[in-house]
$ cat protein-v9.txt   # compact mmCIF, C-alpha atoms
# COMPACT_ATOMS: atom_id res chain seq x y z
CA MET A 1 72.21 87.53 95.19
CA LYS A 2 68.57 88.19 96.10
CA LEU A 3 65.76 88.09 93.51
CA TRP A 4 65.00 91.82 93.73
CA ARG A 5 68.63 92.58 92.97
CA TRP A 6 68.55 90.37 89.85
CA LEU A 7 65.36 92.11 88.70
CA TRP A 8 66.90 95.53 89.36
CA LEU A 9 69.98 94.49 87.36
CA LEU A 10 67.83 93.28 84.46
CA VAL A 11 65.87 96.55 84.26
CA THR A 12 69.08 98.58 84.66
CA LEU A 13 70.80 96.75 81.81
CA GLY A 14 67.73 97.37 79.63
CA VAL A 15 67.78 101.10 80.42
CA LEU A 16 71.56 101.27 79.80
CA ALA A 17 71.20 99.44 76.46
CA GLU A 18 68.47 101.86 75.37
CA GLY A 19 70.60 104.81 76.53
CA PHE A 20 73.55 103.43 74.54
CA ARG A 21 71.39 103.06 71.39
CA VAL A 22 69.70 106.46 71.67
CA ALA A 23 72.96 108.32 72.42
CA LEU A 24 74.86 106.75 69.52
CA PHE A 25 72.30 106.14 66.81
CA VAL A 26 69.14 108.18 67.45
CA VAL A 27 69.92 111.73 68.60
CA PRO A 28 71.50 114.05 66.00
CA PRO A 29 75.16 115.11 66.20
CA ASP A 30 75.92 118.53 67.64
CA SER A 31 75.99 121.27 65.00
CA ALA A 32 79.30 122.71 66.27
CA GLN A 33 81.23 119.73 67.68
CA GLY A 34 79.80 116.91 65.57
CA ASN A 35 79.85 113.34 66.92
CA VAL A 36 82.49 114.08 69.58
CA GLN A 37 79.76 115.81 71.61
CA ARG A 38 78.19 112.37 72.21
CA ILE A 39 80.71 111.98 75.09
CA PHE A 40 78.38 114.37 76.92
CA TYR A 41 75.73 111.63 77.33
CA TYR A 42 78.15 109.57 79.45
CA HIS A 43 79.95 112.56 80.98
CA ILE A 44 76.87 114.10 82.65
CA PRO A 45 75.54 110.91 84.34
CA SER A 46 78.94 110.30 85.93
CA TRP A 47 78.81 113.73 87.61
CA ALA A 48 75.20 113.22 88.67
CA GLY A 49 76.19 109.84 90.13
CA MET A 50 79.16 111.36 91.90
CA GLY A 51 76.97 114.09 93.43
CA LEU A 52 74.38 111.56 94.57
CA PHE A 53 76.80 109.08 96.14
CA PHE A 54 78.96 111.68 97.88
CA ALA A 55 75.75 113.16 99.32
CA ILE A 56 74.71 109.69 100.58
CA ASN A 57 78.20 109.32 102.06
CA LEU A 58 77.77 112.65 103.87
CA GLY A 59 74.34 111.68 105.23
CA CYS A 60 75.57 108.29 106.44
CA SER A 61 78.66 109.83 108.06
CA LEU A 62 76.45 112.28 109.98
CA VAL A 63 74.14 109.45 111.08
CA TYR A 64 77.16 107.37 112.16
CA LEU A 65 78.58 110.20 114.27
CA ALA A 66 75.18 110.86 115.83
CA VAL A 67 74.30 107.29 116.83
CA ARG A 68 77.63 105.46 117.20
CA ASN A 69 77.45 105.35 121.02
CA ARG A 70 73.70 104.76 121.32
CA ASN A 71 72.59 102.46 118.50
CA HIS A 72 75.40 100.19 117.39
CA ALA A 73 73.32 98.29 114.79
CA LEU A 74 72.23 101.48 113.00
CA ALA A 75 75.75 102.90 113.22
CA MET A 76 77.15 99.79 111.53
CA LYS A 77 74.59 100.04 108.73
CA ALA A 78 75.28 103.76 108.23
CA ASP A 79 79.03 103.19 108.20
CA SER A 80 78.75 100.34 105.68
CA LEU A 81 76.60 102.47 103.39
CA ALA A 82 79.08 105.35 103.78
CA VAL A 83 81.93 103.17 102.45
CA ALA A 84 79.80 101.76 99.62
CA SER A 85 78.64 105.19 98.47
CA ALA A 86 82.13 106.73 98.72
CA GLU A 87 83.55 103.96 96.56
CA MET A 88 80.85 104.39 93.91
CA GLY A 89 81.30 108.17 94.02
CA VAL A 90 85.05 107.79 93.46
CA VAL A 91 84.40 105.53 90.44
CA PHE A 92 81.94 108.04 88.93
CA CYS A 93 84.30 110.95 89.63
CA PHE A 94 87.16 109.10 87.93
CA ILE A 95 84.97 108.35 84.87
CA GLY A 96 83.90 112.00 84.74
CA LEU A 97 87.52 113.16 84.82
CA VAL A 98 88.57 110.70 82.09
CA THR A 99 85.62 111.37 79.75
CA GLY A 100 86.13 115.10 80.31
CA SER A 101 89.81 114.82 79.50
CA LEU A 102 89.10 112.89 76.27
CA TRP A 103 86.47 115.41 75.27
CA GLY A 104 88.84 118.29 76.11
CA ARG A 105 91.55 116.78 73.90
CA ALA A 106 89.12 116.57 70.97
CA VAL A 107 87.56 120.02 71.38
CA TRP A 108 90.16 122.22 73.11
CA GLY A 109 93.23 120.38 71.85
CA ILE A 110 94.52 119.70 75.41
CA TRP A 111 94.10 116.78 77.81
CA TRP A 112 94.10 118.92 80.94
CA THR A 113 94.22 122.49 82.21
CA TRP A 114 94.47 123.77 85.77
CA ASP A 115 91.26 125.77 85.72
CA ALA A 116 88.97 126.05 88.75
CA ARG A 117 86.48 123.35 87.69
CA LEU A 118 89.02 120.70 86.74
CA THR A 119 91.35 121.40 89.67
CA SER A 120 88.60 121.42 92.33
CA THR A 121 87.24 118.16 90.88
CA LEU A 122 90.65 116.50 90.97
CA VAL A 123 91.07 117.64 94.58
CA LEU A 124 87.62 116.19 95.39
CA TRP A 125 88.60 112.84 93.87
CA LEU A 126 91.87 112.84 95.85
CA ILE A 127 90.00 113.62 99.10
CA TYR A 128 87.70 110.64 98.68
CA VAL A 129 90.57 108.37 97.58
CA ALA A 130 92.31 109.42 100.83
CA TYR A 131 89.08 108.62 102.71
CA LEU A 132 89.05 105.10 101.24
CA LEU A 133 92.77 104.63 101.97
CA LEU A 134 92.21 105.70 105.56
CA ARG A 135 89.45 103.13 105.90
CA ARG A 136 91.57 100.44 104.26
CA PHE A 137 94.83 100.88 106.16
CA ALA A 138 94.06 102.58 109.49
CA ALA A 139 93.23 100.33 112.40
CA GLY A 140 91.69 100.83 115.81
CA PRO A 141 88.31 101.86 117.16
CA GLN A 142 88.66 105.50 116.16
CA MET A 143 89.12 104.78 112.44
CA ARG A 144 85.39 104.92 111.59
CA THR A 145 84.88 108.14 113.55
CA LEU A 146 87.89 109.75 111.84
CA ALA A 147 86.62 108.63 108.44
CA ALA A 148 83.16 110.09 109.12
CA VAL A 149 84.67 113.44 110.13
CA MET A 150 86.89 113.38 107.05
CA ALA A 151 83.84 112.70 104.85
CA ILE A 152 82.07 115.77 106.24
CA PHE A 153 85.08 118.01 105.54
CA GLY A 154 85.58 116.35 102.14
CA TYR A 155 82.03 117.11 101.09
CA LEU A 156 82.71 120.84 101.47
CA ASP A 157 84.49 120.64 98.12
CA VAL A 158 81.31 119.46 96.30
CA PRO A 159 79.52 122.84 96.26
CA LEU A 160 82.84 124.43 95.32
CA VAL A 161 83.09 122.12 92.29
CA TYR A 162 79.48 122.83 91.33
CA MET A 163 79.80 126.62 91.62
CA SER A 164 83.31 126.89 90.14
CA THR A 165 82.07 127.61 86.58
CA ARG A 166 79.78 130.31 87.97
CA TRP A 167 82.25 132.00 90.32
CA TRP A 168 85.37 131.93 88.16
CA ARG A 169 86.22 132.17 84.48
CA THR A 170 87.14 128.67 83.41
CA GLN A 171 88.22 126.78 80.32
CA HIS A 172 85.37 124.41 81.16
CA PRO A 173 82.13 125.67 79.58
CA ALA A 174 79.47 127.43 81.62
CA PRO A 175 76.67 125.25 83.05
CA VAL A 176 74.57 123.59 80.35
CA PHE A 177 71.62 122.95 82.66
CA GLY A 178 70.43 125.69 85.00
CA GLY A 179 72.95 128.16 83.67
CA ALA A 180 72.44 131.57 82.08
CA PRO A 181 69.23 132.30 80.11
CA GLY A 182 69.32 130.39 76.83
CA SER A 183 71.55 127.62 78.20
CA GLY A 184 70.63 123.97 77.71
CA ILE A 185 70.66 121.58 74.79
CA ASP A 186 68.26 121.03 71.92
CA LYS A 187 65.10 119.10 72.80
CA SER A 188 65.94 116.42 70.24
CA MET A 189 69.05 115.51 72.29
CA MET A 190 67.30 115.21 75.65
CA PRO A 191 66.21 111.52 75.36
CA ALA A 192 69.87 110.48 75.35
CA VAL A 193 70.44 112.50 78.53
CA TRP A 194 67.43 111.05 80.37
CA TRP A 195 68.04 107.41 79.42
CA ASN A 196 71.71 107.50 80.38
CA LEU A 197 71.10 109.50 83.54
CA ALA A 198 68.50 106.96 84.69
CA GLY A 199 70.59 103.97 83.59
CA TRP A 200 73.83 105.04 85.27
CA LEU A 201 72.15 106.11 88.51
CA MET A 202 70.36 102.74 88.65
CA TRP A 203 73.66 100.98 87.92
CA GLY A 204 75.36 102.96 90.68
CA ILE A 205 72.64 101.97 93.17
CA PHE A 206 73.05 98.33 92.14
CA VAL A 207 76.84 98.29 92.56
CA ALA A 208 76.68 100.26 95.83
CA SER A 209 74.14 97.76 97.18
CA LEU A 210 76.57 94.91 96.43
CA ARG A 211 79.35 96.79 98.19
CA TYR A 212 77.10 97.60 101.13
CA VAL A 213 76.23 93.93 101.69
CA SER A 214 79.89 92.93 101.46
CA GLU A 215 80.99 95.63 103.93
CA TYR A 216 78.13 95.00 106.36
CA ARG A 217 78.88 91.26 106.47
CA ALA A 218 82.59 91.94 107.07
CA GLN A 219 81.83 94.36 109.93
CA LYS A 220 79.28 91.95 111.44
CA ALA A 221 81.78 89.07 111.31
CA GLU A 222 84.43 91.29 112.92
CA GLN A 223 82.02 92.24 115.69
CA ASP A 224 80.92 88.64 116.30
CA GLU A 225 84.54 87.55 116.49
CA ALA A 226 85.31 90.27 119.03
CA LEU A 227 82.31 89.29 121.17
CA GLN A 228 83.26 85.63 121.00
CA SER A 229 86.83 86.31 122.10
CA LEU A 230 85.47 88.25 125.08
CA GLU A 231 83.19 85.35 126.00
CA PHE A 232 86.02 82.81 126.01
CA ALA A 233 88.60 85.03 127.62
CA PRO A 234 89.99 83.49 130.84
CA ALA A 235 88.62 84.96 134.04
CA PRO A 236 90.98 87.46 135.71
CA VAL A 237 93.27 85.82 138.29
CA GLN A 238 92.53 87.00 141.81
CA MET A 239 95.54 87.42 144.03
CA ALA A 240 94.94 86.08 147.46
CA GLY A 241 96.45 87.99 150.24
CA GLY A 242 98.70 85.95 152.60
CA ARG A 243 100.56 86.46 155.79
CA MET B 1 87.12 85.80 98.26
CA SER B 2 83.36 85.59 98.76
CA MET B 3 80.72 85.39 96.01
CA GLY B 4 79.66 88.98 96.85
CA ASP B 5 83.21 90.26 96.36
CA ARG B 6 83.40 88.48 93.01
CA HIS B 7 80.11 90.07 91.91
CA LEU B 8 81.47 93.45 92.97
CA ILE B 9 84.68 93.09 90.95
CA ILE B 10 82.66 92.04 87.88
CA ALA B 11 80.36 95.07 88.37
CA TYR B 12 83.27 97.54 88.57
CA ALA B 13 84.94 95.94 85.55
CA ALA B 14 81.64 96.13 83.62
CA THR B 15 81.33 99.83 84.50
CA ILE B 16 84.70 100.57 82.90
CA LEU B 17 84.10 98.20 79.96
CA ILE B 18 80.74 99.73 78.96
CA HIS B 19 82.34 103.20 79.01
CA LEU B 20 85.26 102.01 76.88
CA VAL B 21 82.92 100.44 74.31
CA TYR B 22 80.81 103.59 74.16
CA LEU B 23 83.84 105.86 73.81
CA GLY B 24 85.17 103.53 71.09
CA PHE B 25 81.93 103.92 69.14
CA VAL B 26 82.05 107.72 69.57
CA ALA B 27 85.66 107.78 68.32
CA VAL B 28 84.78 105.73 65.22
CA LYS B 29 81.77 107.95 64.44
CA ALA B 30 83.85 111.10 64.90
CA LYS B 31 86.61 109.76 62.63
CA LYS B 32 84.11 108.81 59.92
CA GLN B 33 82.64 112.30 60.10
CA ALA B 34 86.08 113.91 59.82
CA LYS B 35 86.87 112.07 56.56

$ encode --input "protein-v9.txt" --output "structure tokens"
Amino acid sequence: MKLWRWLWLLVTLGVLAEGFRVALFVVPPDSAQGNVQRIFYYHIPSWAGMGLFFAINLGCSLVYLAVRNRNHALAMKADSLAVASAEMGVVFCFIGLVTGSLWGRAVWGIWWTWDARLTSTLVLWLIYVAYLLLRRFAAGPQMRTLAAVMAIFGYLDVPLVYMSTRWWRTQHPAPVFGGAPGSGIDKSMMPAVWWNLAGWLMWGIFVASLRYVSEYRAQKAEQDEALQSLEFAPAPVQMAGGR
Amino acid sequence: MSMGDRHLIIAYAATILIHLVYLGFVAVKAKKQAK
């Protein structure tokens, strides 16, 4: 692992530790929900991370489709980053669903309900799991192109998830940030949000960078192997015409 | 399995572990408050 990655990891762990401390021991408990509301400080960063990494996946998929026949090196980098970001997005989405479910059990008394926000989020997670499965098990030269197209269609669900609590009446509460006038949380709670948001996004970037390197090396090795086999392939036999 | 893959598995496991520890702390605090 390169030095800059170690340094990034060190700073990230520091930010995460501070976020952990502030969220548990510094900010006051919520006046209505009590200490259970502290799930929020890990719930929100997972959705922010999911949004960021699925957006990176979309960007990389578009780049891949645009340059795949003209600039093979760039296409390989874009495709590797697309896989890395999709994987990280799936992890964040899963954590968001689980922390939300635990919070729902404590506050609503139910683990799950088929409202618009929860259902569209589950569908989003399934779409990206399908994307990763396609990449893992499909073979052939068209796999990467298919995956990129699937990523573009899959991303269409992201705005739907984001707007679901605005467009429909849901069990899930209305948006806390950027919602109706008067929405938001008390200023005394904001440090826990900022520290954890920064920490988890930095962590996501770190893990995705590891995954990117691993994927890029695998694709490069695959390409080198293919080129080598072409080099050593026997010359085509020429049939001589006879009388 | 390469060193990079091993790092990656540790990173994903750490992601889940940190969340579990945090949620454990939240559960303990919530239980204490409920008493």

$ interface_residues --input "protein-v9.txt" --of "chain B" --to "chain A" --cutoff "8 Å" --atoms "all atoms listed in the file" --output "list of chain:residue names"
B:Gly4, B:Asp5, B:His7, B:Leu8, B:Ala11, B:Tyr12, B:His19, B:Tyr22, B:Leu23, B:Phe25, B:Val26, B:Ala27, B:Lys29, B:Ala30, B:Gln33

$ write_last_selection --input "protein-v9.txt" --atoms "C-alpha atoms" --output "compact mmCIF listing (two decimals), in the frame of the given file"
# COMPACT_ATOMS: atom_id res chain seq x y z
CA GLY B 4 79.66 88.98 96.85
CA ASP B 5 83.21 90.26 96.36
CA HIS B 7 80.11 90.07 91.91
CA LEU B 8 81.47 93.45 92.97
CA ALA B 11 80.36 95.07 88.37
CA TYR B 12 83.27 97.54 88.57
CA HIS B 19 82.34 103.20 79.01
CA TYR B 22 80.81 103.59 74.16
CA LEU B 23 83.84 105.86 73.81
CA PHE B 25 81.93 103.92 69.14
CA VAL B 26 82.05 107.72 69.57
CA ALA B 27 85.66 107.78 68.32
CA LYS B 29 81.77 107.95 64.44
CA ALA B 30 83.85 111.10 64.90
CA GLN B 33 82.64 112.30 60.10

$ closest_residue --input "protein-v9.txt" --among "A:Arg105, A:Leu197, A:Trp47, A:Met190" --to "Tyr162 in chain A" --atoms "all atoms listed in the file"
A:Trp47

$ closest_residue --input "protein-v9.txt" --among "A:Arg166, A:Lys77, A:Arg136, A:His172" --to "Ser101 in chain A" --atoms "all atoms listed in the file"
A:His172

$ atom_distance --input "protein-v9.txt" --atom1 "CA of Leu146 in chain A" --atom2 "CA of Ala78 in chain A"
14.4 Å

$ atom_distance --input "protein-v9.txt" --atom1 "CA of Leu133 in chain A" --atom2 "CA of Met50 in chain A"
18.2 Å

$ residues_near_point --input "protein-v9.txt" --point "(65.0, 110.8, 80.3)" --cutoff "12 Å" --atoms "only C-alpha atoms" --output "NGL selection string"
:A and (15-16 or 18-19 or 22-23 or 41 or 45 or 187-201)

$ atom_distance --input "protein-v9.txt" --atom1 "CA of Ile56 in chain A" --atom2 "CA of Ala86 in chain A"
8.2 Å

$ axis_aligned_box --input "protein-v9.txt" --around "range 13-21 of chain B" --padding-each-side "3 Å" --output "AutoDock Vina command-line options"
--center_x 83.0 --center_y 99.6 --center_z 79.9 --size_x 10.5 --size_y 13.3 --size_z 17.2

$ closest_residue --input "protein-v9.txt" --among "A:Trp4, A:Phe94, A:Trp114, A:Phe54" --to "Thr170 in chain A" --atoms "all atoms listed in the file"
A:Trp114

$ closest_residue --input "protein-v9.txt" --among "A:Val27, A:Leu97, A:Ala55, A:Ala139" --to "Val158 in chain A" --atoms "only C-alpha atoms"
A:Ala55

$ closest_residue --input "protein-v9.txt" --among "A:Thr119, A:Tyr128, A:Asp186, A:Asp79" --to "Ala218 in chain A" --atoms "only C-alpha atoms"
A:Asp79

$ decode --input "protein-v9.txt" --residues "range 11-33 of chain B" --atoms "N, CA and C atoms" --output "PDB file, in the first residue's frame"
ATOM      1  N   ALA B  11     -10.892  -4.269   5.198  1.00  0.00           N
ATOM      2  CA  ALA B  11     -11.582  -2.973   5.188  1.00  0.00           C
ATOM      3  C   ALA B  11     -13.095  -3.151   5.245  1.00  0.00           C
ATOM      4  N   TYR B  12     -13.634  -4.106   4.459  1.00  0.00           N
ATOM      5  CA  TYR B  12     -15.086  -4.336   4.489  1.00  0.00           C
ATOM      6  C   TYR B  12     -15.516  -4.875   5.859  1.00  0.00           C
ATOM      7  N   ALA B  13     -14.710  -5.779   6.414  1.00  0.00           N
ATOM      8  CA  ALA B  13     -15.037  -6.328   7.734  1.00  0.00           C
ATOM      9  C   ALA B  13     -15.009  -5.222   8.784  1.00  0.00           C
ATOM     10  N   ALA B  14     -14.015  -4.315   8.681  1.00  0.00           N
ATOM     11  CA  ALA B  14     -13.912  -3.205   9.641  1.00  0.00           C
ATOM     12  C   ALA B  14     -15.127  -2.287   9.534  1.00  0.00           C
ATOM     13  N   THR B  15     -15.605  -2.079   8.305  1.00  0.00           N
ATOM     14  CA  THR B  15     -16.789  -1.229   8.099  1.00  0.00           C
ATOM     15  C   THR B  15     -17.975  -1.768   8.906  1.00  0.00           C
ATOM     16  N   ILE B  16     -18.199  -3.060   8.783  1.00  0.00           N
ATOM     17  CA  ILE B  16     -19.331  -3.688   9.488  1.00  0.00           C
ATOM     18  C   ILE B  16     -19.071  -3.666  10.999  1.00  0.00           C
ATOM     19  N   LEU B  17     -17.847  -3.988  11.391  1.00  0.00           N
ATOM     20  CA  LEU B  17     -17.504  -4.081  12.817  1.00  0.00           C
ATOM     21  C   LEU B  17     -17.688  -2.741  13.534  1.00  0.00           C
ATOM     22  N   ILE B  18     -17.206  -1.663  12.932  1.00  0.00           N
ATOM     23  CA  ILE B  18     -17.346  -0.332  13.567  1.00  0.00           C
ATOM     24  C   ILE B  18     -18.830  -0.007  13.759  1.00  0.00           C
ATOM     25  N   HIS B  19     -19.650  -0.326  12.739  1.00  0.00           N
ATOM     26  CA  HIS B  19     -21.092  -0.066  12.860  1.00  0.00           C
ATOM     27  C   HIS B  19     -21.704  -0.897  13.986  1.00  0.00           C
ATOM     28  N   LEU B  20     -21.290  -2.160  14.076  1.00  0.00           N
ATOM     29  CA  LEU B  20     -21.849  -3.024  15.126  1.00  0.00           C
ATOM     30  C   LEU B  20     -21.487  -2.500  16.512  1.00  0.00           C
ATOM     31  N   VAL B  21     -20.235  -2.071  16.670  1.00  0.00           N
ATOM     32  CA  VAL B  21     -19.799  -1.535  17.976  1.00  0.00           C
ATOM     33  C   VAL B  21     -20.602  -0.280  18.321  1.00  0.00           C
ATOM     34  N   TYR B  22     -20.748   0.598  17.333  1.00  0.00           N
ATOM     35  CA  TYR B  22     -21.497   1.840  17.572  1.00  0.00           C
ATOM     36  C   TYR B  22     -22.946   1.536  17.952  1.00  0.00           C
ATOM     37  N   LEU B  23     -23.574   0.653  17.177  1.00  0.00           N
ATOM     38  CA  LEU B  23     -24.979   0.309  17.455  1.00  0.00           C
ATOM     39  C   LEU B  23     -25.103  -0.362  18.823  1.00  0.00           C
ATOM     40  N   GLY B  24     -24.100  -1.138  19.209  1.00  0.00           N
ATOM     41  CA  GLY B  24     -24.087  -1.765  20.540  1.00  0.00           C
ATOM     42  C   GLY B  24     -24.085  -0.708  21.626  1.00  0.00           C
ATOM     43  N   PHE B  25     -23.227   0.309  21.452  1.00  0.00           N
ATOM     44  CA  PHE B  25     -23.174   1.404  22.431  1.00  0.00           C
ATOM     45  C   PHE B  25     -24.518   2.133  22.508  1.00  0.00           C
ATOM     46  N   VAL B  26     -25.118   2.394  21.343  1.00  0.00           N
ATOM     47  CA  VAL B  26     -26.411   3.094  21.307  1.00  0.00           C
ATOM     48  C   VAL B  26     -27.467   2.266  22.043  1.00  0.00           C
ATOM     49  N   ALA B  27     -27.455   0.951  21.811  1.00  0.00           N
ATOM     50  CA  ALA B  27     -28.436   0.064  22.460  1.00  0.00           C
ATOM     51  C   ALA B  27     -28.269   0.095  23.984  1.00  0.00           C
ATOM     52  N   VAL B  28     -27.026   0.061  24.443  1.00  0.00           N
ATOM     53  CA  VAL B  28     -26.767   0.089  25.900  1.00  0.00           C
ATOM     54  C   VAL B  28     -27.245   1.404  26.491  1.00  0.00           C
ATOM     55  N   LYS B  29     -26.925   2.520  25.808  1.00  0.00           N
ATOM     56  CA  LYS B  29     -27.336   3.842  26.310  1.00  0.00           C
ATOM     57  C   LYS B  29     -28.863   3.956  26.353  1.00  0.00           C
ATOM     58  N   ALA B  30     -29.514   3.434  25.310  1.00  0.00           N
ATOM     59  CA  ALA B  30     -30.979   3.504  25.241  1.00  0.00           C
ATOM     60  C   ALA B  30     -31.613   2.656  26.347  1.00  0.00           C
ATOM     61  N   LYS B  31     -31.015   1.506  26.619  1.00  0.00           N
ATOM     62  CA  LYS B  31     -31.551   0.622  27.674  1.00  0.00           C
ATOM     63  C   LYS B  31     -31.397   1.269  29.036  1.00  0.00           C
ATOM     64  N   LYS B  32     -30.230   1.872  29.274  1.00  0.00           N
ATOM     65  CA  LYS B  32     -29.974   2.558  30.549  1.00  0.00           C
ATOM     66  C   LYS B  32     -30.988   3.674  30.763  1.00  0.00           C
ATOM     67  N   GLN B  33     -31.281   4.391  29.667  1.00  0.00           N
ATOM     68  CA  GLN B  33     -32.220   5.511  29.753  1.00  0.00           C
ATOM     69  C   GLN B  33     -33.638   5.013  30.050  1.00  0.00           C
TER      70      GLN B  33
END
